[in-house]
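*Asks:* I'm passing along work_37.txt; it holds compact mmCIF, C-alpha atoms.
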# COMPACT_ATOMS: atom_id res chain seq x y z
CA MET A 1 80.97 90.62 106.62
CA GLY A 2 77.77 90.61 108.69
CA ALA A 3 76.54 93.39 110.95
CA TYR A 4 77.78 91.70 114.13
CA ALA A 5 81.19 91.00 112.65
CA ARG A 6 81.50 94.60 111.43
CA ALA A 7 80.50 95.98 114.84
CA LEU A 8 83.04 93.75 116.58
CA ALA A 9 85.72 94.64 114.06
CA ALA A 10 85.02 98.36 114.57
CA ALA A 11 85.44 97.97 118.34
CA LEU A 12 88.73 96.19 117.79
CA VAL A 13 89.90 99.01 115.51
CA LEU A 14 89.49 101.40 118.45
CA ALA A 15 91.51 99.06 120.68
CA TRP A 16 94.26 98.80 118.05
CA GLY A 17 95.26 102.43 118.41
CA LEU A 18 95.90 102.02 122.14
CA THR A 19 98.94 99.82 121.46
CA ALA A 20 100.87 102.40 119.44
CA GLY A 21 104.25 103.17 120.93
CA ALA A 22 104.06 100.36 123.49
CA ALA A 23 107.32 98.65 124.37
CA VAL A 24 107.45 95.01 123.29
CA ALA A 25 111.03 94.25 124.32
CA ALA A 26 113.91 96.03 126.00
CA ASP A 27 115.11 97.37 122.66
CA ARG A 28 111.98 97.39 120.48
CA GLN A 29 108.87 99.61 120.24
CA VAL A 30 105.65 99.02 118.33
CA GLY A 31 106.01 100.71 114.95
CA GLU A 32 109.81 100.65 115.07
CA VAL A 33 111.51 100.02 111.73
CA PHE A 34 114.77 98.09 111.77
CA ARG A 35 116.88 95.49 110.00
CA ASP A 36 119.23 92.86 111.39
CA CYS A 37 121.92 93.17 108.71
CA GLY A 38 122.73 95.30 105.70
CA ALA A 39 121.34 92.73 103.27
CA CYS A 40 118.36 91.75 105.44
CA PRO A 41 114.79 92.91 104.73
CA GLU A 42 113.58 95.98 106.58
CA LEU A 43 111.15 95.03 109.36
CA VAL A 44 108.33 96.74 111.28
CA VAL A 45 107.35 95.84 114.86
CA VAL A 46 103.66 94.86 115.01
CA PRO A 47 101.61 94.92 118.25
CA ALA A 48 99.66 92.05 119.73
CA GLY A 49 95.91 92.38 119.27
CA ARG A 50 92.64 90.87 118.09
CA TYR A 51 90.74 91.15 114.83
CA VAL A 52 88.01 89.52 112.79
CA MET A 53 89.58 87.32 110.10
CA GLY A 54 87.68 86.52 106.92
CA THR A 55 84.15 87.51 105.89
CA HIS A 56 80.64 86.09 105.72
CA ALA A 57 80.39 86.92 102.00
CA GLU A 58 78.40 84.33 100.04
CA ARG A 59 80.50 85.18 97.01
CA TYR A 60 83.74 84.09 98.70
CA PRO A 61 83.18 80.79 100.54
CA ALA A 62 86.92 80.37 101.16
CA GLU A 63 86.76 83.43 103.46
CA ARG A 64 84.01 81.98 105.65
CA PRO A 65 83.26 81.91 108.47
CA ALA A 66 84.51 85.23 109.79
CA HIS A 67 86.05 84.55 113.19
CA LEU A 68 87.87 86.33 115.98
CA VAL A 69 91.65 85.79 116.04
CA THR A 70 93.94 86.79 118.90
CA ILE A 71 97.57 87.59 118.14
CA ALA A 72 98.99 87.17 121.64
CA GLN A 73 102.58 88.24 121.00
CA PRO A 74 104.07 91.16 119.09
CA PHE A 75 106.24 90.22 116.13
CA ALA A 76 108.11 91.87 113.27
CA ILE A 77 107.10 91.68 109.62
CA GLY A 78 108.75 92.73 106.38
CA ARG A 79 108.02 96.33 105.52
CA TYR A 80 108.17 95.36 101.86
CA GLU A 81 107.96 92.20 99.81
CA VAL A 82 111.40 90.60 99.53
CA THR A 83 113.29 92.17 96.64
CA PHE A 84 115.63 90.75 94.01
CA ASP A 85 118.53 92.57 95.71
CA GLU A 86 117.72 90.87 99.03
CA TRP A 87 117.34 87.46 97.38
CA GLN A 88 120.60 87.92 95.48
CA ALA A 89 122.41 88.43 98.80
CA CYS A 90 121.20 84.96 99.82
CA VAL A 91 122.41 83.47 96.52
CA ALA A 92 125.81 85.16 96.88
CA ASP A 93 126.17 83.81 100.42
CA GLY A 94 125.28 80.26 99.37
CA GLY A 95 121.99 80.23 101.24
CA CYS A 96 119.75 80.18 98.15
CA ALA A 97 120.56 77.85 95.26
CA ARG A 98 118.62 79.50 92.44
CA ASP A 99 118.73 82.96 90.94
CA PRO A 100 115.17 83.33 89.60
CA ASP A 101 114.13 84.81 86.26
CA ASP A 102 112.91 88.44 86.32
CA HIS A 103 111.15 88.22 82.91
CA LYS A 104 113.32 91.14 81.77
CA TRP A 105 111.28 93.52 83.93
CA GLY A 106 114.28 94.49 86.05
CA ARG A 107 115.65 93.37 89.38
CA GLY A 108 116.91 95.61 92.19
CA ARG A 109 113.94 96.86 94.23
CA ARG A 110 111.34 94.84 92.34
CA PRO A 111 109.85 91.97 94.35
CA VAL A 112 111.57 88.66 93.75
CA ILE A 113 109.37 86.33 91.69
CA ASN A 114 109.45 82.74 90.44
CA ILE A 115 110.03 81.44 93.98
CA SER A 116 108.50 78.16 95.19
CA TRP A 117 107.31 77.63 98.75
CA PRO A 118 110.32 75.47 99.72
CA GLU A 119 112.64 78.13 98.30
CA ALA A 120 110.85 80.82 100.32
CA VAL A 121 111.33 78.70 103.44
CA GLY A 122 115.00 78.26 102.53
CA TYR A 123 115.40 82.03 102.35
CA VAL A 124 113.99 82.66 105.84
CA GLU A 125 116.11 79.80 107.21
CA TRP A 126 119.18 81.50 105.72
CA LEU A 127 118.19 84.77 107.43
CA SER A 128 117.87 82.91 110.74
CA ARG A 129 121.34 81.40 110.39
CA LYS A 130 122.86 84.68 109.33
CA THR A 131 121.37 86.81 112.11
CA GLY A 132 120.82 84.38 114.97
CA LYS A 133 117.17 85.53 115.07
CA THR A 134 114.07 83.48 114.27
CA TYR A 135 112.84 84.34 110.79
CA ARG A 136 109.92 82.52 109.17
CA LEU A 137 107.06 83.00 106.77
CA PRO A 138 104.07 84.76 108.36
CA THR A 139 101.03 82.67 109.17
CA GLU A 140 97.88 83.32 107.17
CA ALA A 141 96.23 84.88 110.24
CA GLU A 142 99.22 87.14 110.88
CA TRP A 143 99.25 88.19 107.24
CA GLU A 144 95.62 89.32 107.23
CA TYR A 145 96.13 91.02 110.61
CA VAL A 146 98.95 93.23 109.33
CA ALA A 147 97.30 93.83 105.96
CA ARG A 148 94.17 95.12 107.68
CA ALA A 149 96.22 97.19 110.15
CA GLY A 150 93.24 97.72 112.44
CA THR A 151 90.66 98.20 109.68
CA ALA A 152 87.58 96.14 108.86
CA THR A 153 87.24 97.12 105.19
CA ASP A 154 88.17 95.30 101.99
CA TYR A 155 91.39 97.30 101.66
CA TRP A 156 93.25 99.20 104.34
CA TRP A 157 92.02 102.47 102.80
CA GLY A 158 88.34 101.44 102.52
CA ASP A 159 85.95 99.26 100.51
CA ASP A 160 86.45 101.04 97.18
CA PRO A 161 89.60 99.83 95.41
CA GLY A 162 89.90 103.16 93.64
CA GLN A 163 92.77 103.86 91.26
CA GLY A 164 96.49 104.36 91.81
CA ARG A 165 96.63 102.67 95.22
CA ALA A 166 98.06 99.27 94.28
CA ASN A 167 99.51 97.27 91.40
CA CYS A 168 96.87 94.96 89.92
CA ARG A 169 95.29 94.35 86.53
CA ASN A 170 92.62 97.05 86.93
CA CYS A 171 94.11 99.19 89.72
CA GLY A 172 95.21 101.98 87.38
CA PRO A 173 94.20 103.67 84.12
CA ASP A 174 96.21 101.10 82.13
CA ILE A 175 96.31 97.32 82.52
CA SER A 176 99.25 96.21 84.63
CA HIS A 177 101.58 93.85 82.78
CA GLN A 178 104.37 93.43 85.33
CA THR A 179 105.56 94.02 88.88
CA VAL A 180 106.63 97.44 90.11
CA PRO A 181 109.40 98.31 92.60
CA VAL A 182 108.32 97.76 96.19
CA GLY A 183 107.05 100.86 97.95
CA SER A 184 105.61 102.41 94.77
CA PHE A 185 102.30 103.09 96.54
CA ALA A 186 101.31 104.42 99.95
CA ALA A 187 101.83 102.31 103.07
CA ASN A 188 99.10 101.28 105.50
CA SER A 189 99.01 102.59 109.08
CA LEU A 190 101.57 100.00 110.18
CA GLY A 191 104.00 101.25 107.56
CA LEU A 192 103.65 98.15 105.35
CA PHE A 193 103.74 98.45 101.58
CA ASP A 194 102.10 96.38 98.84
CA VAL A 195 99.81 94.28 101.03
CA HIS A 196 97.34 94.60 98.17
CA GLY A 197 98.67 93.47 94.80
CA ASN A 198 102.12 93.42 93.16
CA VAL A 199 102.87 89.74 93.95
CA TRP A 200 101.19 86.91 95.79
CA GLU A 201 103.00 86.22 99.06
CA TRP A 202 103.63 82.71 100.37
CA VAL A 203 102.53 82.10 103.97
CA GLN A 204 103.09 79.09 106.24
CA ASP A 205 99.65 77.53 106.05
CA CYS A 206 98.42 74.45 104.25
CA TRP A 207 95.39 75.23 102.08
CA ARG A 208 91.94 74.41 103.40
CA PRO A 209 88.84 75.37 101.37
CA THR A 210 87.25 77.41 104.20
CA HIS A 211 88.09 78.87 107.62
CA GLU A 212 86.01 76.19 109.33
CA GLY A 213 88.14 74.83 112.19
CA ALA A 214 90.91 77.40 111.67
CA PRO A 215 93.13 78.28 114.66
CA LYS A 216 91.99 81.33 116.61
CA ASP A 217 95.40 82.09 118.12
CA GLY A 218 97.14 83.31 114.97
CA SER A 219 99.08 80.09 114.44
CA ALA A 220 99.52 78.39 111.08
CA ARG A 221 97.05 75.78 109.87
CA LEU A 222 99.18 72.74 109.13
CA GLY A 223 98.76 68.95 108.91
CA GLU A 224 97.85 66.68 106.04
CA PRO A 225 96.94 67.06 103.27
CA CYS A 226 99.44 69.79 102.48
CA GLN A 227 100.23 69.65 98.78
CA GLU A 228 99.01 73.24 98.39
CA ARG A 229 100.07 76.30 100.36
CA VAL A 230 98.20 79.56 100.91
CA THR A 231 99.19 82.78 99.18
CA ARG A 232 97.86 86.24 100.02
CA SER A 233 97.88 89.78 98.59
CA GLY A 234 96.81 89.32 94.97
CA SER A 235 99.24 90.25 92.22
CA TRP A 236 99.85 92.50 89.23
CA TYR A 237 98.14 89.89 87.04
CA TYR A 238 94.84 89.64 88.96
CA VAL A 239 91.97 92.09 89.42
CA ASP A 240 91.28 94.19 92.52
CA THR A 241 88.80 91.74 94.09
CA ASN A 242 91.68 89.26 94.45
CA ALA A 243 93.73 91.90 96.29
CA ARG A 244 91.25 92.36 99.15
CA ALA A 245 92.60 91.78 102.67
CA ALA A 246 90.40 88.70 103.19
CA TYR A 247 91.04 87.08 99.81
CA ARG A 248 92.71 83.66 99.89
CA SER A 249 94.46 81.79 97.12
CA LYS A 250 96.50 78.60 96.81
CA PHE A 251 99.27 77.10 94.71
CA PRO A 252 101.09 73.77 94.79
CA ALA A 253 104.08 74.14 97.11
CA GLY A 254 106.49 73.43 94.26
CA ALA A 255 104.95 76.02 91.93
CA PHE A 256 106.78 79.16 90.92
CA SER A 257 105.42 81.98 88.83
CA TYR A 258 106.02 85.54 87.70
CA GLY A 259 103.24 86.50 90.13
CA ILE A 260 104.48 84.85 93.35
CA GLY A 261 106.99 86.21 95.90
CA LEU A 262 107.19 86.47 99.66
CA ARG A 263 107.28 88.67 102.74
CA VAL A 264 109.18 87.63 105.88
CA ALA A 265 108.22 87.55 109.55
CA ARG A 266 110.55 87.56 112.55
CA GLU A 267 109.89 86.64 116.15
CA LEU A 268 110.76 89.06 118.97
CA PRO A 269 112.96 89.77 120.83
As structure tokens, how would this structure be written, given the file I've shared?
*Replies:*
Amino acid sequence: MGAYARALAAALVLAWGLTAGAAVAADRQVGEVFRDCGACPELVVVPAGRYVMGTHAERYPAERPAHLVTIAQPFAIGRYEVTFDEWQACVADGGCARDPDDHKWGRGRRPVINISWPEAVGYVEWLSRKTGKTYRLPTEAEWEYVARAGTATDYWWGDDPGQGRANCRNCGPDISHQTVPVGSFAANSLGLFDVHGNVWEWVQDCWRPTHEGAPKDGSARLGEPCQERVTRSGSWYYVDTNARAAYRSKFPAGAFSYGIGLRVARELP
């Protein structure tokens, strides 16, 4: 990220803190943690705001150009990646057709894996029917906004990936060979867990090779061609550079893998 972009991002970080505790609806506050049903994912209320999305790094052309994005409306986002327990509730209720393989790593509070993009969309549609609220996948811009949580560094804790802060191939003293239960590491300042590593998370957007022409209002980048969808977060299988807040990846929409899961978003009120 260039000097101008870093200076702008730093100014926006200061503005971010002013929204804490602000009311966003009659019954919701910024930072509030809630869920809409016993089997629903836990959510965190996120404030509106602005931030610099992407970087100017020559090494990562897919992250260029860095650009200012305005998130005009507060929204809620999953505190954790969706778990096997939460997915199983959808299967039991008839909302999800497939019970995905866990590779014998365990289920429960581990993030659900082996989920394609259409299946992820089916899950949020089931949540919407069940609760009467509007659930969806986050947009790519919303995802980076909440992952950064008001910071302008590679990770929410700084530019050094360090050790013991996330689940990725080289994020600990031993090579990671599988997922870990959600919430195994510290949360960012929004109270979100595992925004760096553990599993890739499907978002709404169609893949484009750069940010050139990307929306600046936080909306999803859609339209044709759309054979590939964006994933964010990195995963247990990839190294720490792939887990940076700005890092973008893509998979065919029909792909499923032991490294891909999801996180939900929900509109307010």
*Asks:* For region 76-106 of chain A versus region 140-152 of chain A, which residues have an atom no more than 12 Å away, and what is each residue's nearest atom pair and distance in Å rounded to one decimal, using all atoms listed in the file, chain-then-number order, as CSV?
*Replies:*
residue,atom,partner,partner_atom,distance
A:Ala76,CA,A:Val146,CA,10.1
A:Ile77,CA,A:Val146,CA,8.3
A:Gly78,CA,A:Val146,CA,10.2
A:Arg79,CA,A:Val146,CA,10.3
A:Tyr80,CA,A:Ala147,CA,11.7
*Asks:* Region 84-183 of chain A near region 251-256 of chain A within 8 Å: what's each residue's closest atom pair and its distance in Å to one decimal, counting all atoms listed in the file, ordered by chain then ascending residue number, as JSON lines?
*Replies:*
{"residue": "A:Ile113", "atom": "CA", "partner": "A:Phe256", "partner_atom": "CA", "distance": 7.7}
{"residue": "A:Asn114", "atom": "CA", "partner": "A:Phe256", "partner_atom": "CA", "distance": 4.5}
{"residue": "A:Ile115", "atom": "CA", "partner": "A:Phe256", "partner_atom": "CA", "distance": 5.0}
{"residue": "A:Ser116", "atom": "CA", "partner": "A:Phe256", "partner_atom": "CA", "distance": 4.7}
{"residue": "A:Trp117", "atom": "CA", "partner": "A:Ala253", "partner_atom": "CA", "distance": 5.0}
{"residue": "A:Pro118", "atom": "CA", "partner": "A:Ala253", "partner_atom": "CA", "distance": 6.9}
*Asks:* I'd like the contact shell of region 37-44 of chain A - 8 Å cut-off, only C-alpha atoms, skipping same-chain residues fewer than 2 positions apart - returned as a ChimeraX atom specification.
*Replies:* /A:30-35,46,76-80,82,86,89,127,131,190-192,264
*Asks:* Pull C-alpha atoms from the residues just selected and write them as a compact mmCIF listing (two decimals), in the coordinates of the input.
*Replies:*
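Result saved to again.txt:
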# COMPACT_ATOMS: atom_id res chain seq x y z
CA VAL A 30 105.65 99.02 118.33
CA GLY A 31 106.01 100.71 114.95
CA GLU A 32 109.81 100.65 115.07
CA VAL A 33 111.51 100.02 111.73
CA PHE A 34 114.77 98.09 111.77
CA ARG A 35 116.88 95.49 110.00
CA VAL A 46 103.66 94.86 115.01
CA ALA A 76 108.11 91.87 113.27
CA ILE A 77 107.10 91.68 109.62
CA GLY A 78 108.75 92.73 106.38
CA ARG A 79 108.02 96.33 105.52
CA TYR A 80 108.17 95.36 101.86
CA VAL A 82 111.40 90.60 99.53
CA GLU A 86 117.72 90.87 99.03
CA ALA A 89 122.41 88.43 98.80
CA LEU A 127 118.19 84.77 107.43
CA THR A 131 121.37 86.81 112.11
CA LEU A 190 101.57 100.00 110.18
CA GLY A 191 104.00 101.25 107.56
CA LEU A 192 103.65 98.15 105.35
CA VAL A 264 109.18 87.63 105.88
*Asks:* Nearest to Pro181 (chain A): which of A:Arg98, A:His67, A:Lys104, A:Arg109 is it, counting only C-alpha atoms?
*Replies:*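 Using only C-alpha atoms, the shortest distance to Pro181 (chain A) belongs to A:Arg109.
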*Asks:* Of the candidates A:Gln178, A:Ala166, A:Gly172, A:Val203, which shows the shortest atom-to-atom distance to His103 (chain A), using all atoms listed in the file?
*Replies:* A:Gln178
*Asks:* Between CA of Pro138 (chain A) and CA of Glu212 (chain A), what distance in Å does the model show, to one decimal?
*Replies:*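 A separation of 20.0 Å between them.
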*Asks:* Have a look at A:Val45, A:Ser128, A:Trp87, A:Gln227 and name the one nearest to Asp101 (chain A); count all atoms listed in the file.
*Replies:*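 Comparing A:Val45, A:Ser128, A:Trp87, A:Gln227 against Asp101 (chain A), the winner is A:Trp87.
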*Asks:* Of the residues A:Thr139, A:Thr231, A:Thr55, A:Thr83, which is the one nearest to Tyr123 (chain A), using only C-alpha atoms?
*Replies:*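 Of the candidates, the smallest distance to Tyr123 (chain A) is held by A:Thr83.
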*Asks:* In Å to one decimal, how far is CA of Cys206 (chain A) from CA of Leu222 (chain A)?
*Replies:*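 Straight-line distance from CA of Leu222 (chain A) to CA of Cys206 (chain A) works out to 5.2 Å.
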*Asks:* With distances taken over all atoms listed in the file, which of A:Pro100, A:Pro225, A:Gly49, A:Gly54 is nearest to Ala72 (chain A)?
*Replies:*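 For Ala72 (chain A), the nearest of the given residues is A:Gly49.
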*Asks:* Between A:Thr179, A:Trp156, A:Arg244, A:Ala265, which is the closest to Asp102 (chain A) once you count all atoms listed in the file?
*Replies:*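 Under the stated criterion, the closest residue is A:Thr179.
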*Asks:* Interatomic distance between CA of Gly183 (chain A) and CA of Trp105 (chain A)?
*Replies:*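 Straight-line distance from CA of Gly183 (chain A) to CA of Trp105 (chain A) works out to 16.4 Å.
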*Asks:* Distance cut-off 8 Å, centre (93.8, 95.3, 93.7) in file coordinates, counting only C-alpha atoms: which residues qualify? Return them as a PDB file with C-alpha atoms, keeping the file's coordinate frame.
*Replies:*
ATOM      1  CA  PRO A 161      89.600  99.830  95.410  1.00  0.00           C
ATOM      2  CA  ALA A 166      98.060  99.270  94.280  1.00  0.00           C
ATOM      3  CA  ASN A 167      99.510  97.270  91.400  1.00  0.00           C
ATOM      4  CA  CYS A 168      96.870  94.960  89.920  1.00  0.00           C
ATOM      5  CA  ARG A 169      95.290  94.350  86.530  1.00  0.00           C
ATOM      6  CA  ASN A 170      92.620  97.050  86.930  1.00  0.00           C
ATOM      7  CA  CYS A 171      94.110  99.190  89.720  1.00  0.00           C
ATOM      8  CA  HIS A 196      97.340  94.600  98.170  1.00  0.00           C
ATOM      9  CA  GLY A 197      98.670  93.470  94.800  1.00  0.00           C
ATOM     10  CA  GLY A 234      96.810  89.320  94.970  1.00  0.00           C
ATOM     11  CA  SER A 235      99.240  90.250  92.220  1.00  0.00           C
ATOM     12  CA  TYR A 238      94.840  89.640  88.960  1.00  0.00           C
ATOM     13  CA  VAL A 239      91.970  92.090  89.420  1.00  0.00           C
ATOM     14  CA  ASP A 240      91.280  94.190  92.520  1.00  0.00           C
ATOM     15  CA  THR A 241      88.800  91.740  94.090  1.00  0.00           C
ATOM     16  CA  ASN A 242      91.680  89.260  94.450  1.00  0.00           C
ATOM     17  CA  ALA A 243      93.730  91.900  96.290  1.00  0.00           C
ATOM     18  CA  ARG A 244      91.250  92.360  99.150  1.00  0.00           C
TER      19      ARG A 244
END
*Asks:* Neighbours of Trp202 (chain A) within 7 Å (all atoms listed in the file; same-chain residues fewer than 2 positions away dropped), as a PyMOL selection string?
*Replies:* chain A and resi 117+200+204+230-232+261-262
*Asks:* Let me know the centre plus edge lengths, in Å and rounded to one decimal, of a box with edges along x, y and z that contains all listed atoms of region 53-67 of chain A and is padded by 6 Å on every side, as AutoDock Vina command-line options.
*Replies:*
--center_x 84.0 --center_y 83.9 --center_z 105.1 --size_x 23.2 --size_y 19.1 --size_z 28.2
